[in-house]
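The data block below is final-v2.txt; it holds compact mmCIF, C-alpha atoms.
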# COMPACT_ATOMS: atom_id res chain seq x y z
CA MET A 1 87.17 81.65 71.59
CA THR A 2 86.87 78.76 74.05
CA TYR A 3 85.38 79.20 77.51
CA VAL A 4 88.73 78.44 79.11
CA ALA A 5 90.50 81.06 77.00
CA GLU A 6 87.90 83.69 77.92
CA GLU A 7 88.09 82.81 81.60
CA LEU A 8 91.86 82.79 81.87
CA ALA A 9 91.92 86.21 80.18
CA ASP A 10 89.55 87.55 82.86
CA GLN A 11 91.92 86.87 85.73
CA PRO A 12 93.28 90.40 86.28
CA ARG A 13 89.74 91.67 86.91
CA CYS A 14 88.97 88.83 89.31
CA TRP A 15 92.23 89.23 91.24
CA ALA A 16 91.70 92.96 91.69
CA ARG A 17 88.21 92.35 93.07
CA ALA A 18 89.31 89.54 95.39
CA ALA A 19 92.09 91.71 96.81
CA ALA A 20 89.74 94.65 97.31
CA GLU A 21 87.19 92.49 99.14
CA ALA A 22 89.61 90.40 101.23
CA ALA A 23 89.04 92.43 104.39
CA GLU A 24 85.29 91.75 104.17
CA HIS A 25 85.95 88.02 104.50
CA GLY A 26 88.46 88.29 107.36
CA GLY A 27 86.21 86.63 109.92
CA ALA A 28 85.85 83.53 107.76
CA LEU A 29 89.56 83.16 107.03
CA PRO A 30 92.31 81.89 109.34
CA ALA A 31 93.37 84.16 112.17
CA PRO A 32 97.05 84.60 113.07
CA GLY A 33 98.27 81.77 115.27
CA GLU A 34 95.60 79.26 114.27
CA ARG A 35 96.78 75.81 113.26
CA VAL A 36 95.26 75.42 109.82
CA ALA A 37 94.80 72.79 107.14
CA ILE A 38 93.88 73.80 103.61
CA VAL A 39 92.33 71.09 101.45
CA GLY A 40 91.12 70.64 97.91
CA CYS A 41 91.03 68.24 94.97
CA GLY A 42 92.85 68.55 91.67
CA THR A 43 93.59 72.19 90.91
CA SER A 44 92.29 73.26 94.32
CA TYR A 45 94.80 70.95 96.02
CA PHE A 46 97.69 72.68 94.25
CA MET A 47 96.31 76.07 95.28
CA ALA A 48 96.08 74.73 98.83
CA GLN A 49 99.77 73.82 98.70
CA ALA A 50 100.70 77.32 97.58
CA ALA A 51 98.48 79.01 100.17
CA ALA A 52 99.77 76.84 103.00
CA ALA A 53 103.39 77.62 102.17
CA LEU A 54 102.64 81.33 101.95
CA ARG A 55 100.82 81.43 105.30
CA GLU A 56 103.40 79.47 107.23
CA GLY A 57 106.23 81.37 105.57
CA ALA A 58 104.60 84.63 106.66
CA GLY A 59 104.69 83.51 110.29
CA ARG A 60 100.90 83.31 110.65
CA GLY A 61 100.85 79.80 112.08
CA GLU A 62 101.45 76.17 111.23
CA THR A 63 99.67 75.41 107.97
CA ASP A 64 99.38 72.13 106.09
CA ALA A 65 97.85 71.22 102.73
CA PHE A 66 96.14 67.95 101.84
CA ALA A 67 94.17 66.39 99.07
CA ALA A 68 90.74 66.18 100.68
CA SER A 69 90.70 62.41 100.30
CA GLU A 70 93.98 62.10 102.23
CA PHE A 71 93.22 64.36 105.19
CA PRO A 72 94.43 62.81 108.49
CA THR A 73 91.21 63.01 110.48
CA GLY A 74 92.98 62.13 113.73
CA ARG A 75 95.09 65.29 113.60
CA ALA A 76 93.93 68.41 115.44
CA TYR A 77 93.51 71.74 113.68
CA ASP A 78 91.90 75.01 114.69
CA ARG A 79 90.45 75.49 111.22
CA ILE A 80 90.13 73.65 107.93
CA VAL A 81 89.81 75.71 104.75
CA ALA A 82 88.29 73.82 101.82
CA LEU A 83 88.74 75.13 98.29
CA THR A 84 86.02 73.87 95.94
CA ARG A 85 84.88 75.65 92.80
CA SER A 86 81.74 73.57 92.31
CA GLY A 87 80.80 73.06 95.96
CA THR A 88 79.79 69.49 95.09
CA THR A 89 83.06 67.53 95.16
CA THR A 90 82.45 64.30 97.04
CA GLU A 91 85.75 64.10 98.94
CA VAL A 92 85.44 67.68 100.23
CA LEU A 93 81.87 67.17 101.41
CA ASP A 94 82.78 63.87 103.09
CA LEU A 95 85.63 65.53 104.97
CA LEU A 96 83.53 68.47 106.14
CA GLY A 97 80.95 66.02 107.42
CA LYS A 98 83.55 64.05 109.37
CA VAL A 99 84.97 67.07 111.20
CA ARG A 100 81.72 68.94 111.75
CA GLY A 101 81.28 70.01 115.36
CA ARG A 102 84.93 69.53 116.36
CA THR A 103 86.92 71.66 113.88
CA ARG A 104 85.94 75.06 112.50
CA THR A 105 85.61 74.92 108.71
CA THR A 106 85.60 77.48 105.92
CA ALA A 107 84.61 76.77 102.34
CA VAL A 108 85.80 78.96 99.48
CA THR A 109 83.54 78.27 96.52
CA ALA A 110 82.13 79.79 93.35
CA ASP A 111 78.52 78.66 93.73
CA PRO A 112 76.36 79.72 96.69
CA ASP A 113 73.64 77.18 95.82
CA THR A 114 75.57 73.98 96.42
CA PRO A 115 75.88 71.51 99.33
CA VAL A 116 79.19 72.91 100.62
CA VAL A 117 77.42 76.05 101.86
CA ALA A 118 75.50 74.00 104.42
CA ALA A 119 78.43 71.70 105.15
CA ALA A 120 80.89 74.41 106.26
CA ASP A 121 80.75 76.72 109.27
CA ASP A 122 81.89 79.75 107.23
CA VAL A 123 81.63 80.34 103.50
CA VAL A 124 83.37 82.71 101.10
CA VAL A 125 81.64 82.90 97.71
CA LEU A 126 83.64 84.03 94.69
CA ASP A 127 80.75 83.79 92.25
CA TYR A 128 82.28 86.41 89.95
CA ALA A 129 85.13 83.97 89.30
CA ASP A 130 82.92 80.97 88.47
CA GLU A 131 83.57 79.16 85.21
CA ARG A 132 81.77 77.29 82.47
CA SER A 133 84.90 75.38 81.52
CA VAL A 134 85.88 72.02 82.94
CA VAL A 135 89.50 73.15 83.16
CA GLN A 136 89.95 75.55 86.08
CA THR A 137 91.79 78.82 85.67
CA ARG A 138 90.31 82.00 87.14
CA PHE A 139 88.54 80.52 90.16
CA ALA A 140 91.68 78.81 91.40
CA THR A 141 93.95 81.81 91.02
CA THR A 142 91.30 84.16 92.43
CA ALA A 143 90.94 81.99 95.53
CA LEU A 144 94.72 82.06 95.97
CA THR A 145 94.75 85.82 95.45
CA LEU A 146 92.13 86.19 98.19
CA LEU A 147 94.32 84.22 100.57
CA ARG A 148 97.44 86.15 99.57
CA ALA A 149 95.62 89.42 100.16
CA HIS A 150 94.38 88.18 103.54
CA LEU A 151 98.02 87.60 104.47
CA GLY A 152 99.03 91.04 103.21
CA LEU A 153 101.12 89.47 100.45
CA HIS A 154 99.17 90.61 97.39
CA THR A 155 100.26 93.74 95.51
CA ASP A 156 98.92 95.59 92.50
CA ALA A 157 102.03 94.44 90.68
CA ALA A 158 100.60 90.93 90.50
CA VAL A 159 97.58 92.20 88.58
CA ALA A 160 99.78 94.27 86.29
CA ASP A 161 101.98 91.24 85.67
CA ALA A 162 98.92 89.13 84.86
CA ARG A 163 97.94 91.66 82.20
CA ALA A 164 101.48 91.50 80.84
CA ALA A 165 101.32 87.70 80.78
CA LEU A 166 98.16 87.88 78.70
CA ALA A 167 99.55 90.43 76.26
CA ALA A 168 103.01 88.98 75.60
CA GLU A 169 103.71 86.45 72.89
CA LEU A 170 104.50 82.94 74.08
CA PRO A 171 108.14 81.91 73.60
CA GLU A 172 108.84 80.95 70.02
CA ALA A 173 108.31 77.27 69.10
CA LEU A 174 107.27 76.37 72.66
CA VAL A 175 104.00 74.92 71.36
CA GLU A 176 106.00 72.34 69.42
CA CYS A 177 107.63 70.85 72.53
CA THR A 178 106.66 67.29 73.37
CA GLN A 179 107.41 67.32 77.09
CA PHE A 180 106.86 70.02 79.72
CA THR A 181 108.46 70.16 83.16
CA PHE A 182 107.46 72.82 85.68
CA LEU A 183 109.58 73.73 88.70
CA GLY A 184 108.96 75.78 91.83
CA ARG A 185 110.39 76.66 95.22
CA GLY A 186 108.43 77.25 98.41
CA TRP A 187 104.91 78.39 97.59
CA THR A 188 105.51 78.12 93.85
CA VAL A 189 105.87 74.32 94.05
CA GLY A 190 102.06 74.30 94.11
CA LEU A 191 101.97 76.54 91.04
CA ALA A 192 104.30 74.16 89.22
CA GLY A 193 102.01 71.25 90.02
CA GLU A 194 99.01 73.20 88.75
CA ALA A 195 100.77 74.20 85.52
CA ALA A 196 101.61 70.56 84.81
CA LEU A 197 98.01 69.58 85.49
CA LYS A 198 96.76 72.24 83.04
CA MET A 199 99.01 70.85 80.33
CA ARG A 200 97.73 67.33 80.91
CA GLU A 201 94.07 68.31 81.11
CA ALA A 202 93.85 70.71 78.20
CA SER A 203 96.40 69.34 75.73
CA LEU A 204 97.06 65.72 76.79
CA SER A 205 100.75 66.61 77.07
CA TRP A 206 103.46 64.74 78.91
CA SER A 207 103.99 67.12 81.80
CA GLU A 208 105.61 66.88 85.22
CA ALA A 209 106.30 69.10 88.21
CA TYR A 210 109.00 69.08 90.88
CA PRO A 211 110.57 71.23 93.57
CA ALA A 212 113.40 72.90 91.68
CA MET A 213 116.22 71.45 93.78
CA GLU A 214 114.75 67.94 93.49
CA TYR A 215 114.74 68.15 89.70
CA ARG A 216 118.48 67.46 89.72
CA HIS A 217 117.95 64.24 91.69
CA GLY A 218 116.79 62.09 88.81
CA PRO A 219 114.09 63.83 86.74
CA ILE A 220 116.58 65.88 84.72
CA SER A 221 117.73 62.61 83.17
CA VAL A 222 114.72 62.60 80.80
CA THR A 223 115.26 66.20 79.66
CA THR A 224 116.30 66.49 76.04
CA ARG A 225 115.54 68.38 72.85
CA GLY A 226 111.81 68.83 72.73
CA THR A 227 111.61 69.37 76.49
CA ALA A 228 110.56 72.71 77.98
CA THR A 229 111.60 73.28 81.59
CA TRP A 230 109.66 76.18 83.11
CA MET A 231 110.65 77.82 86.39
CA PHE A 232 108.20 79.66 88.67
CA GLY A 233 110.05 82.23 90.72
CA GLU A 234 113.79 82.47 91.26
CA ALA A 235 115.77 79.48 90.01
CA PRO A 236 118.52 77.78 92.02
CA GLU A 237 121.98 78.90 90.96
CA GLY A 238 123.30 76.99 87.98
CA LEU A 239 120.10 75.13 87.15
CA ALA A 240 119.31 77.06 83.97
CA ASP A 241 122.73 76.27 82.50
CA GLN A 242 122.43 72.65 83.53
CA VAL A 243 119.10 72.33 81.70
CA ARG A 244 120.43 74.06 78.59
CA ARG A 245 123.32 71.59 78.45
CA THR A 246 120.76 68.78 78.06
CA GLY A 247 119.44 70.39 74.88
CA GLY A 248 116.15 71.30 76.55
CA ARG A 249 114.54 74.74 76.56
CA TRP A 250 114.72 76.83 79.74
CA ILE A 251 111.79 79.20 80.44
CA GLU A 252 111.66 81.80 83.20
CA ASP A 253 110.49 85.39 83.55
CA GLY A 254 110.48 88.22 86.03
CA LEU A 255 106.73 88.17 86.54
CA ASP A 256 104.91 87.55 89.77
CA PRO A 257 104.78 83.72 89.88
CA LEU A 258 100.97 83.67 89.83
CA ALA A 259 101.09 85.73 86.63
CA GLY A 260 103.59 83.18 85.34
CA LEU A 261 100.89 80.57 85.87
CA VAL A 262 98.63 82.59 83.56
CA ARG A 263 101.28 82.22 80.84
CA ALA A 264 101.37 78.48 81.44
CA GLN A 265 97.57 78.33 81.17
CA ARG A 266 97.80 80.12 77.83
CA LEU A 267 100.41 77.64 76.69
CA ALA A 268 98.16 74.71 77.57
CA VAL A 269 95.35 76.16 75.44
CA ALA A 270 97.75 76.95 72.60
CA VAL A 271 99.15 73.40 72.57
CA ALA A 272 95.63 71.96 72.62
CA THR A 273 94.65 74.13 69.65
CA ALA A 274 97.78 73.18 67.74
CA ARG A 275 96.95 69.52 68.25
CA GLY A 276 93.34 69.91 67.12
CA LEU A 277 91.94 69.37 70.62
CA ASP A 278 89.08 71.21 72.32
CA PRO A 279 90.33 72.42 75.71
CA ASP A 280 86.73 72.97 76.82
CA ARG A 281 86.12 69.22 76.51
CA PRO A 282 89.12 67.48 78.08
CA ARG A 283 89.19 63.72 77.76
CA HIS A 284 87.58 61.70 80.58
CA LEU A 285 86.96 64.80 82.76
CA THR A 286 83.90 66.52 84.19
CA ARG A 287 83.52 69.90 85.89
CA SER A 288 83.10 68.28 89.31
CA VAL A 289 83.93 64.81 90.59
CA ILE A 290 80.81 63.43 92.26
CA LEU A 291 81.18 59.85 93.42
CA THR A 292 78.11 57.68 93.89
CA PRO A 293 77.93 54.66 96.25

Take the structure I supplied and represent it as structure tokens, if you would.
Amino acid sequence: MTYVAEELADQPRCWARAAAEAAEHGGALPAPGERVAIVGCGTSYFMAQAAAALREGAGRGETDAFAASEFPTGRAYDRIVALTRSGTTTEVLDLLGKVRGRTRTTAVTADPDTPVVAAADDVVVLDYADERSVVQTRFATTALTLLRAHLGLHTDAAVADARAALAAELPEALVECTQFTFLGRGWTVGLAGEAALKMREASLSWSEAYPAMEYRHGPISVTTRGTATWMFGEAPEGLADQVRRTGGRWIEDGLDPLAGLVRAQRLAVAVATARGLDPDRPRHLTRSVILTP
């Protein structure tokens, strides 16, 4: 079994622990009413999008998400939360250095022995969710679970659904599709972006992600036989039928959307295996992006 397959299968355990320990980290996480920015790179950026939508939707305060490299340093926030599995990502460390002393910062990381620990004001370490794989799975979803639990939005049903997502067979013939489109609404737009990234990283697939309502405004034109369109959460009325009329496959389930992401992770590994690829060694990628002058 590959590292990534082992790690994605471990997510129910990690989520349960993160939820149980969320209250212990309350002082390091955003307080109600704070104006917050959540930043990350790659997978962590998509988790930041989901977390920001959840927090603002829960009425806890204005919350934005940015790729760390695109953070508007002239904008005022009460707190910046940086998601970084490795704790060494150049863009995250650069940003924390720029705002040090004028904006409170929190780093959520998997490794306590990395530069981000000294760069941030507060640190949450999820070392039990660290990974050997280049392709992120359990750290990202565990960090999002921590933030969901902090908002009071996590339930045991999410863990149960994750177990179900691991046990169920993938939809028949889905591995043979040549194009994958992932859709979301609200906080699940970030999940859709992450699912598409997993497909690209692990299996070199043509994959895209869109807000579900925007999919009708152009992208659906490339949907055809061989396309799988996967919805996270509740679909807009009529969209499933519209996709089926193109000849494409429509995929949705009644699982918690984060558990749905686990299914998409499994699909990415399955497609990689079917194509003779090693998902632990994705092309052109490393575990952390460290830029040198």

Sort by chain and increasing residue number a table of all residues of region 101-123 of chain A within 7 Å of region 22-29 of chain A, each with its closest pair of atoms and their distance in Å to one decimal, counting all atoms listed in the file, and write it as a Markdown table.
| residue | atom | partner | partner_atom | distance |
| --- | --- | --- | --- | --- |
| A:Thr106 | CA | A:Ala28 | CA | 6.3 |
| A:Asp122 | CA | A:Ala28 | CA | 5.5 |
| A:Val123 | CA | A:Ala28 | CA | 6.8 |

Next, the residues of the selection above should be written as a PDB file, keeping the file's coordinate frame with C-alpha atoms.
ATOM      1  CA  THR A 106      85.600  77.480 105.920  1.00  0.00           C
ATOM      2  CA  ASP A 122      81.890  79.750 107.230  1.00  0.00           C
ATOM      3  CA  VAL A 123      81.630  80.340 103.500  1.00  0.00           C
TER       4      VAL A 123
END

Could the residues of region 91-193 of chain A that have an atom at most 7 Å from region 56-76 of chain A be listed as JSON lines, each with its closest atom pair and the distance in Å to one decimal, counting all atoms listed in the file and ordered by chain and ascending residue number?
{"residue": "A:Glu91", "atom": "CA", "partner": "A:Ser69", "partner_atom": "CA", "distance": 5.4}
{"residue": "A:Val92", "atom": "CA", "partner": "A:Ala68", "partner_atom": "CA", "distance": 5.5}
{"residue": "A:Leu95", "atom": "CA", "partner": "A:Ala68", "partner_atom": "CA", "distance": 6.7}

One decimal place gives the CA of Asp121 (chain A)-CA of Leu146 (chain A) separation as 18.5 Å

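Reported to one decimal place, the separation of CA of Gly184 (chain A) from CA of Phe232 (chain A) is 5.1 Å.
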
One residue among A:Thr224, A:Thr181, A:Thr246, A:Thr103 is nearest to Ala209 (chain A) when using only C-alpha atoms, and that residue is A:Thr181

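Taking CA of Trp187 (chain A) and CA of Tyr3 (chain A) as endpoints, the distance between them is 28.0 Å.
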
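Here the question is which of A:Asp156, A:Glu201, A:Asp94, A:Glu237 gets nearest to Trp15 (chain A) using all atoms listed in the file, and that residue is A:Asp156.
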
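Distance check against Tyr215 (chain A) using all atoms listed in the file: of A:Ala107, A:Val243, A:Ala202, A:Ala149, the minimum falls on A:Val243.
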
Centre, x/y/z edge lengths, axis-aligned box for region 135-148 of chain A with 8 Å per side, as JSON:
{"center_x": 93.0, "center_y": 79.7, "center_z": 91.9, "size_x": 24.9, "size_y": 29.0, "size_z": 33.4}

### Surrounding residues of Ile38 (chain A) excluding itself and chain neighbours under 6 positions, 6 Å, only C-alpha atoms, as a PyMOL selection string
chain A and resi 48+65+80-82

Q.
Around (113.9, 74.9, 76.4), as given in the file, which residues come within 12 Å? Count all atoms listed in the file and list them as JSON, numbers by chain.
A. {"A": [171, 172, 173, 174, 175, 176, 177, 178, 179, 180, 181, 182, 223, 224, 225, 226, 227, 228, 229, 230, 231, 240, 241, 242, 243, 244, 245, 246, 247, 248, 249, 250, 251, 252]}
